[in-house]
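See below for run.cif, which holds mmCIF, C-alpha atoms.
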data_final
#
loop_
_atom_site.label_atom_id
_atom_site.label_comp_id
_atom_site.auth_asym_id
_atom_site.auth_seq_id
_atom_site.Cartn_x
_atom_site.Cartn_y
_atom_site.Cartn_z
CA MET A 1 0.00 0.00 0.00
CA TYR A 2 1.23 3.47 -0.90
CA ILE A 3 0.91 6.26 1.67
CA ASP A 4 1.26 9.76 0.27
CA GLY A 5 2.00 12.97 2.12
CA PHE A 6 -1.65 13.94 2.42
CA MET A 7 -2.66 10.61 3.97
CA MET A 8 0.23 10.88 6.41
CA ALA A 9 -0.75 14.45 7.30
CA ARG A 10 -4.37 13.43 7.89
CA ALA A 11 -3.34 10.50 10.09
CA LEU A 12 -0.94 12.70 12.09
CA HIS A 13 -3.62 15.38 12.37
CA ILE A 14 -6.18 12.97 13.80
CA LEU A 15 -3.61 11.34 16.08
CA GLY A 16 -2.61 14.78 17.35
CA VAL A 17 -6.23 15.74 18.05
CA VAL A 18 -6.89 12.45 19.86
CA LEU A 19 -3.86 12.88 22.15
CA TRP A 20 -4.39 16.60 22.71
CA ILE A 21 -8.15 16.74 23.31
CA GLY A 22 -8.09 13.34 25.03
CA GLY A 23 -5.54 14.79 27.43
CA VAL A 24 -7.74 17.81 28.06
CA ALA A 25 -10.61 15.43 28.81
CA MET A 26 -8.44 13.44 31.23
CA VAL A 27 -7.38 16.58 33.10
CA THR A 28 -10.95 17.94 33.18
CA LEU A 29 -12.85 14.76 33.97
CA VAL A 30 -10.34 12.77 36.04
CA LEU A 31 -7.39 14.76 37.37
CA LEU A 32 -9.09 17.90 38.65
CA PRO A 33 -11.98 16.05 40.37
CA ALA A 34 -9.50 13.64 41.99
CA ILE A 35 -7.41 16.52 43.34
CA LYS A 36 -10.43 17.77 45.30
CA ASN A 37 -9.99 14.78 47.63
CA PHE A 38 -6.37 15.49 48.53
CA PRO A 39 -5.91 16.05 52.28
CA THR A 40 -3.88 19.27 52.09
CA ASN A 41 -3.72 22.21 49.73
CA GLU A 42 0.05 21.83 49.42
CA ASN A 43 -0.42 18.27 48.15
CA ARG A 44 -3.07 19.42 45.70
CA VAL A 45 -0.93 22.17 44.22
CA ALA A 46 2.24 20.05 44.05
CA PHE A 47 0.46 17.12 42.41
CA PHE A 48 -1.41 19.31 39.94
CA GLU A 49 1.80 21.13 38.99
CA LYS A 50 3.66 17.87 38.47
CA ILE A 51 0.98 16.30 36.27
CA GLU A 52 0.04 19.47 34.41
CA SER A 53 3.67 20.31 33.57
CA ARG A 54 4.17 16.85 32.06
CA PHE A 55 0.92 17.12 30.12
CA ALA A 56 1.82 20.61 28.92
CA TRP A 57 4.75 19.23 26.91
CA GLN A 58 2.61 16.53 25.35
CA ALA A 59 -0.07 19.14 24.57
CA ARG A 60 2.50 21.51 23.04
CA ILE A 61 3.87 18.81 20.77
CA THR A 62 0.44 17.56 19.70
CA THR A 63 -0.99 21.04 19.07
CA LEU A 64 2.08 21.87 17.00
CA LEU A 65 1.70 18.60 15.07
CA THR A 66 -2.03 19.23 14.62
CA GLY A 67 -1.48 22.77 13.38
CA LEU A 68 1.30 21.89 10.96
CA SER A 69 -0.58 18.93 9.51
CA GLY A 70 -3.82 20.95 9.27
CA PHE A 71 -2.22 23.85 7.44
CA TYR A 72 -0.38 21.41 5.18
CA MET A 73 -3.68 19.73 4.25
CA LEU A 74 -5.33 23.10 3.59
CA GLU A 75 -2.52 24.02 1.23
CA VAL A 76 -2.35 20.68 -0.59
CA MET A 77 -6.15 20.61 -1.06
CA GLY A 78 -6.29 24.26 -2.07
CA ALA A 79 -9.03 24.47 0.54
CA TRP A 80 -8.48 28.05 1.72
CA ILE A 81 -11.58 29.04 -0.28
CA ARG A 82 -13.71 27.02 2.13
CA PHE A 83 -13.36 29.83 4.65
CA SER A 84 -15.74 31.86 2.49
CA ASP A 85 -18.52 29.25 2.83
CA VAL A 86 -20.69 29.03 5.98
CA ASN A 87 -21.01 25.26 5.50
CA TYR A 88 -17.38 24.97 6.53
CA TRP A 89 -17.95 26.69 9.90
CA TRP A 90 -16.13 23.83 11.59
CA MET A 91 -12.89 24.84 9.86
CA TYR A 92 -13.10 28.23 11.57
CA THR A 93 -13.70 26.58 14.92
CA MET A 94 -10.75 24.22 14.39
CA ILE A 95 -8.43 27.15 13.84
CA ILE A 96 -9.94 29.15 16.71
CA VAL A 97 -9.62 26.25 19.17
CA TRP A 98 -6.12 25.50 17.93
CA GLY A 99 -5.21 29.20 18.29
CA ILE A 100 -6.59 29.42 21.83
CA PHE A 101 -4.62 26.36 22.94
CA THR A 102 -1.49 27.46 21.11
CA ILE A 103 -1.55 30.87 22.79
CA MET A 104 -2.31 29.27 26.17
CA LEU A 105 0.38 26.57 25.92
CA PHE A 106 3.19 28.54 24.30
CA ILE A 107 2.67 32.06 25.67
CA LEU A 108 0.19 32.49 28.53
CA GLU A 109 0.94 29.38 30.58
CA PRO A 110 4.74 29.65 30.70
CA LEU A 111 4.87 33.46 30.93
CA ILE A 112 1.82 34.36 33.04
CA LEU A 113 -0.52 31.57 34.11
CA HIS A 114 2.00 29.36 35.92
CA ASP A 115 3.00 32.09 38.38
CA TRP A 116 -0.61 33.29 38.65
CA PHE A 117 -1.74 29.77 39.58
CA ILE A 118 0.89 29.42 42.32
CA LYS A 119 0.01 32.82 43.84
CA GLN A 120 -3.72 32.24 43.65
CA ALA A 121 -3.45 28.72 45.04
CA GLU A 122 -1.56 30.08 48.05
CA LYS A 123 -4.23 32.73 48.69
CA ASN A 124 -7.38 30.74 48.01
CA PRO A 125 -6.84 27.18 46.78
CA GLU A 126 -10.54 26.25 46.67
CA ALA A 127 -11.49 29.16 44.44
CA THR A 128 -8.39 28.68 42.28
CA PHE A 129 -9.13 25.04 41.57
CA LYS A 130 -12.78 25.83 40.88
CA ARG A 131 -11.72 28.49 38.39
CA ILE A 132 -9.27 26.12 36.72
CA GLN A 133 -11.94 23.38 36.57
CA PHE A 134 -14.41 25.83 35.03
CA MET A 135 -11.91 26.97 32.39
CA HIS A 136 -11.04 23.37 31.55
CA TRP A 137 -14.75 22.59 31.13
CA ILE A 138 -15.12 25.50 28.71
CA LEU A 139 -12.06 24.44 26.71
CA LEU A 140 -13.15 20.80 26.64
CA THR A 141 -16.69 21.71 25.58
CA ILE A 142 -15.64 23.92 22.66
CA SER A 143 -13.02 21.34 21.66
CA LEU A 144 -15.53 18.47 21.60
CA LEU A 145 -18.11 20.55 19.72
CA THR A 146 -15.41 21.38 17.18
CA VAL A 147 -14.38 17.73 16.79
CA PHE A 148 -18.05 16.76 16.44
CA GLY A 149 -18.65 19.42 13.79
CA ALA A 150 -15.41 18.62 11.96
CA VAL A 151 -16.22 14.92 11.69
CA ILE A 152 -19.71 15.62 10.35
CA GLY A 153 -18.55 18.45 8.09
CA SER A 154 -15.55 16.60 6.66
CA HIS A 155 -17.89 13.78 5.67
CA GLY A 156 -20.27 16.01 3.75
CA GLY A 157 -22.70 17.15 6.46
CA GLN A 158 -23.99 20.70 5.98
CA PHE A 159 -26.49 23.10 7.47
CA SER A 160 -29.91 22.23 6.13
CA GLY A 161 -31.28 24.82 3.73
CA TYR A 162 -27.89 25.95 2.39
#
Can the structure from this file be put into structure tokens for me?
Amino acid sequence: MYIDGFMMARALHILGVVLWIGGVAMVTLVLLPAIKNFPTNENRVAFFEKIESRFAWQARITTLLTGLSGFYMLEVMGAWIRFSDVNYWWMYTMIIVWGIFTIMLFILEPLILHDWFIKQAEKNPEATFKRIQFMHWILLTISLLTVFGAVIGSHGGQFSGY
């Protein structure tokens, strides 16, 4: 079987999304709720920092892989014109979600959010973890809606009436 560059890009793109958004789901649905049961705030913060910092590298690599493969596919397909058609709304959301995570992972988290988290967790750990949980729920929700729309849209689904 012959595998061309486009097939490889698509496979890497999907693999990247699975690892990236799957990781966000794990943090949102498993890690953060489990941390609530830790006996001390110091343990909560230390454990969260340890796990989140390891996941951040995996998320950085997979978002980079996802972005590069996605832009490669757009170019190879000559699909930039799709951004002028409302039926390809999911392509906008893919880029928006990717952009949000890229800014968060490469700029905000290392330069601002890491120190903010430590300071806030020292002042009010309960509120800090609730805020982080809430933000993760928002990110997970928009990510899953985007994946849902992208799967349907990439297989020909469109808004009815258009």
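Minimum atom-to-atom distance to A:Ile103, evaluated using all atoms listed in the file, belongs to A:Arg60 out of A:Lys119, A:Lys130, A:Lys36, A:Arg60.
For the set A:Val86, A:Met77, A:Ile112, A:Ile61, the residue with the smallest atom-to-atom gap to A:Val17 is A:Ile61, counting all atoms listed in the file.
In this structure, atom CA of A:Gln120 sits 17.8 Å away from atom CA of A:Met104.
Atom CA of A:Gly153 to atom CA of A:Tyr88 spans 6.8 Å [interatomic distance, one decimal].
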Could you jot down the atom CA of A:Thr62 to atom CA of A:His136 separation for me, Å, one decimal place? 17.5 Å
Check the smallest atom-to-atom distance from each of A:Phe6, A:Phe48, A:Phe148, A:Phe55 to A:Tyr72 using all atoms listed in the file, then report the winner. A:Phe6
Ground truth for the PyMOL selection byres ((chain A and resi 63) around 12), written as an MDAnalysis selection string: chainID A and resid 12:21 23:24 55:62 64:70 94:95 97:106
Edge lengths and centre in Å to one decimal, as AutoDock Vina command-line options, is what I'm after for the box along x, y and z that holds all listed atoms of stretch 130-148 of chain A once 8 Å is added on each side.
--center_x -13.7 --center_y 22.6 --center_z 28.7 --size_x 24.8 --size_y 27.7 --size_z 40.4
Residues matched by the PyMOL selection byres ((chain A and resi 27) around 12) as a VMD selection string: chain A and resid 20 to 26 28 to 35 48 to 49 51 to 56 59 132 to 137 139 to 140
Next, write the just-selected residues to a file, as a CSV table (one decimal), in the frame of the given file, keeping C-alpha atoms as the atom set.
chain,number,residue,atom,x,y,z
A,20,TRP,CA,-4.4,16.6,22.7
A,21,ILE,CA,-8.2,16.7,23.3
A,22,GLY,CA,-8.1,13.3,25.0
A,23,GLY,CA,-5.5,14.8,27.4
A,24,VAL,CA,-7.7,17.8,28.1
A,25,ALA,CA,-10.6,15.4,28.8
A,26,MET,CA,-8.4,13.4,31.2
A,28,THR,CA,-11.0,17.9,33.2
A,29,LEU,CA,-12.8,14.8,34.0
A,30,VAL,CA,-10.3,12.8,36.0
A,31,LEU,CA,-7.4,14.8,37.4
A,32,LEU,CA,-9.1,17.9,38.6
A,33,PRO,CA,-12.0,16.0,40.4
A,34,ALA,CA,-9.5,13.6,42.0
A,35,ILE,CA,-7.4,16.5,43.3
A,48,PHE,CA,-1.4,19.3,39.9
A,49,GLU,CA,1.8,21.1,39.0
A,51,ILE,CA,1.0,16.3,36.3
A,52,GLU,CA,0.0,19.5,34.4
A,53,SER,CA,3.7,20.3,33.6
A,54,ARG,CA,4.2,16.8,32.1
A,55,PHE,CA,0.9,17.1,30.1
A,56,ALA,CA,1.8,20.6,28.9
A,59,ALA,CA,-0.1,19.1,24.6
A,132,ILE,CA,-9.3,26.1,36.7
A,133,GLN,CA,-11.9,23.4,36.6
A,134,PHE,CA,-14.4,25.8,35.0
A,135,MET,CA,-11.9,27.0,32.4
A,136,HIS,CA,-11.0,23.4,31.6
A,137,TRP,CA,-14.8,22.6,31.1
A,139,LEU,CA,-12.1,24.4,26.7
A,140,LEU,CA,-13.2,20.8,26.6
For A:Glu75, the closest of A:Phe47, A:Thr40, A:Thr141, A:Ala9 counting only C-alpha atoms is A:Ala9
Quick one: residues within 10 Å of A:Phe117, all atoms listed in the file counted, chain neighbours fewer than 3 positions away excluded, as a ChimeraX atom specification? /A:45,49,109,112-114,120-123,125,128-129,132
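Minimum atom-to-atom distance to A:Trp89, evaluated using only C-alpha atoms, belongs to A:Ile152 out of A:Ile3, A:Ile152, A:Ala11, A:Ile107.
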Stretch 62-102 of chain A written out with N, CA and C atoms as a compact mmCIF listing (two decimals), in the first residue's frame:
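Output contents, as saved in part31.txt:
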# COMPACT_ATOMS: atom_id res chain seq x y z
N THR A 62 1.59 17.99 20.51
CA THR A 62 0.44 17.56 19.70
C THR A 62 -0.29 18.74 19.07
N THR A 63 -0.36 19.89 19.73
CA THR A 63 -0.99 21.04 19.07
C THR A 63 -0.12 21.54 17.92
N LEU A 64 1.18 21.49 18.08
CA LEU A 64 2.08 21.87 17.00
C LEU A 64 1.91 20.91 15.81
N LEU A 65 1.90 19.62 16.10
CA LEU A 65 1.70 18.60 15.07
C LEU A 65 0.34 18.78 14.37
N THR A 66 -0.69 19.03 15.17
CA THR A 66 -2.03 19.23 14.62
C THR A 66 -2.08 20.46 13.72
N GLY A 67 -1.49 21.54 14.18
CA GLY A 67 -1.48 22.77 13.38
C GLY A 67 -0.71 22.62 12.08
N LEU A 68 0.49 22.07 12.17
CA LEU A 68 1.30 21.89 10.96
C LEU A 68 0.62 20.98 9.94
N SER A 69 0.08 19.87 10.43
CA SER A 69 -0.58 18.93 9.51
C SER A 69 -1.86 19.55 8.94
N GLY A 70 -2.59 20.30 9.75
CA GLY A 70 -3.82 20.95 9.27
C GLY A 70 -3.54 21.99 8.21
N PHE A 71 -2.55 22.84 8.44
CA PHE A 71 -2.22 23.85 7.44
C PHE A 71 -1.64 23.22 6.18
N TYR A 72 -0.89 22.15 6.35
CA TYR A 72 -0.38 21.41 5.18
C TYR A 72 -1.54 20.89 4.34
N MET A 73 -2.53 20.27 4.98
CA MET A 73 -3.68 19.73 4.25
C MET A 73 -4.47 20.84 3.55
N LEU A 74 -4.65 21.97 4.23
CA LEU A 74 -5.33 23.10 3.59
C LEU A 74 -4.62 23.51 2.31
N GLU A 75 -3.31 23.59 2.38
CA GLU A 75 -2.52 24.02 1.23
C GLU A 75 -2.56 23.00 0.10
N VAL A 76 -2.36 21.73 0.43
CA VAL A 76 -2.35 20.68 -0.59
C VAL A 76 -3.71 20.58 -1.28
N MET A 77 -4.80 20.71 -0.51
CA MET A 77 -6.15 20.61 -1.06
C MET A 77 -6.58 21.89 -1.76
N GLY A 78 -5.84 22.97 -1.55
CA GLY A 78 -6.29 24.26 -2.07
C GLY A 78 -7.61 24.64 -1.43
N ALA A 79 -7.74 24.34 -0.15
CA ALA A 79 -9.03 24.47 0.54
C ALA A 79 -9.21 25.80 1.26
N TRP A 80 -8.34 26.75 1.05
CA TRP A 80 -8.48 28.05 1.72
C TRP A 80 -9.81 28.72 1.36
N ILE A 81 -10.32 28.44 0.18
CA ILE A 81 -11.58 29.04 -0.28
C ILE A 81 -12.75 28.62 0.59
N ARG A 82 -12.63 27.49 1.26
CA ARG A 82 -13.71 27.02 2.13
C ARG A 82 -14.05 28.02 3.24
N PHE A 83 -13.11 28.86 3.58
CA PHE A 83 -13.36 29.83 4.65
C PHE A 83 -14.36 30.92 4.22
N SER A 84 -14.73 30.91 2.95
CA SER A 84 -15.74 31.86 2.49
C SER A 84 -17.14 31.23 2.43
N ASP A 85 -17.26 29.98 2.89
CA ASP A 85 -18.52 29.25 2.83
C ASP A 85 -18.96 28.87 4.25
N VAL A 86 -20.16 29.29 4.64
CA VAL A 86 -20.69 29.03 5.98
C VAL A 86 -20.79 27.54 6.30
N ASN A 87 -20.92 26.70 5.27
CA ASN A 87 -21.01 25.26 5.50
C ASN A 87 -19.71 24.67 6.05
N TYR A 88 -18.66 25.42 5.97
CA TYR A 88 -17.38 24.97 6.53
C TYR A 88 -17.07 25.69 7.84
N TRP A 89 -18.10 26.01 8.62
CA TRP A 89 -17.95 26.69 9.90
C TRP A 89 -16.98 25.96 10.82
N TRP A 90 -16.97 24.66 10.73
CA TRP A 90 -16.13 23.83 11.59
C TRP A 90 -14.64 24.07 11.33
N MET A 91 -14.29 24.53 10.14
CA MET A 91 -12.89 24.84 9.86
C MET A 91 -12.47 26.09 10.64
N TYR A 92 -13.38 27.05 10.73
CA TYR A 92 -13.10 28.23 11.57
C TYR A 92 -12.90 27.81 13.02
N THR A 93 -13.80 26.96 13.51
CA THR A 93 -13.70 26.58 14.92
C THR A 93 -12.43 25.77 15.18
N MET A 94 -12.01 24.96 14.21
CA MET A 94 -10.75 24.22 14.39
C MET A 94 -9.59 25.19 14.58
N ILE A 95 -9.53 26.19 13.74
CA ILE A 95 -8.43 27.15 13.84
C ILE A 95 -8.55 28.00 15.11
N ILE A 96 -9.76 28.37 15.48
CA ILE A 96 -9.94 29.15 16.71
C ILE A 96 -9.53 28.34 17.94
N VAL A 97 -9.99 27.10 18.03
CA VAL A 97 -9.62 26.25 19.17
C VAL A 97 -8.11 26.01 19.17
N TRP A 98 -7.56 25.70 18.02
CA TRP A 98 -6.12 25.50 17.93
C TRP A 98 -5.38 26.78 18.36
N GLY A 99 -5.85 27.94 17.92
CA GLY A 99 -5.21 29.20 18.29
C GLY A 99 -5.28 29.47 19.78
N ILE A 100 -6.45 29.21 20.38
CA ILE A 100 -6.59 29.42 21.83
C ILE A 100 -5.60 28.54 22.58
N PHE A 101 -5.54 27.27 22.25
CA PHE A 101 -4.62 26.36 22.94
C PHE A 101 -3.16 26.71 22.66
N THR A 102 -2.86 27.10 21.44
CA THR A 102 -1.49 27.46 21.11
C THR A 102 -1.03 28.67 21.91
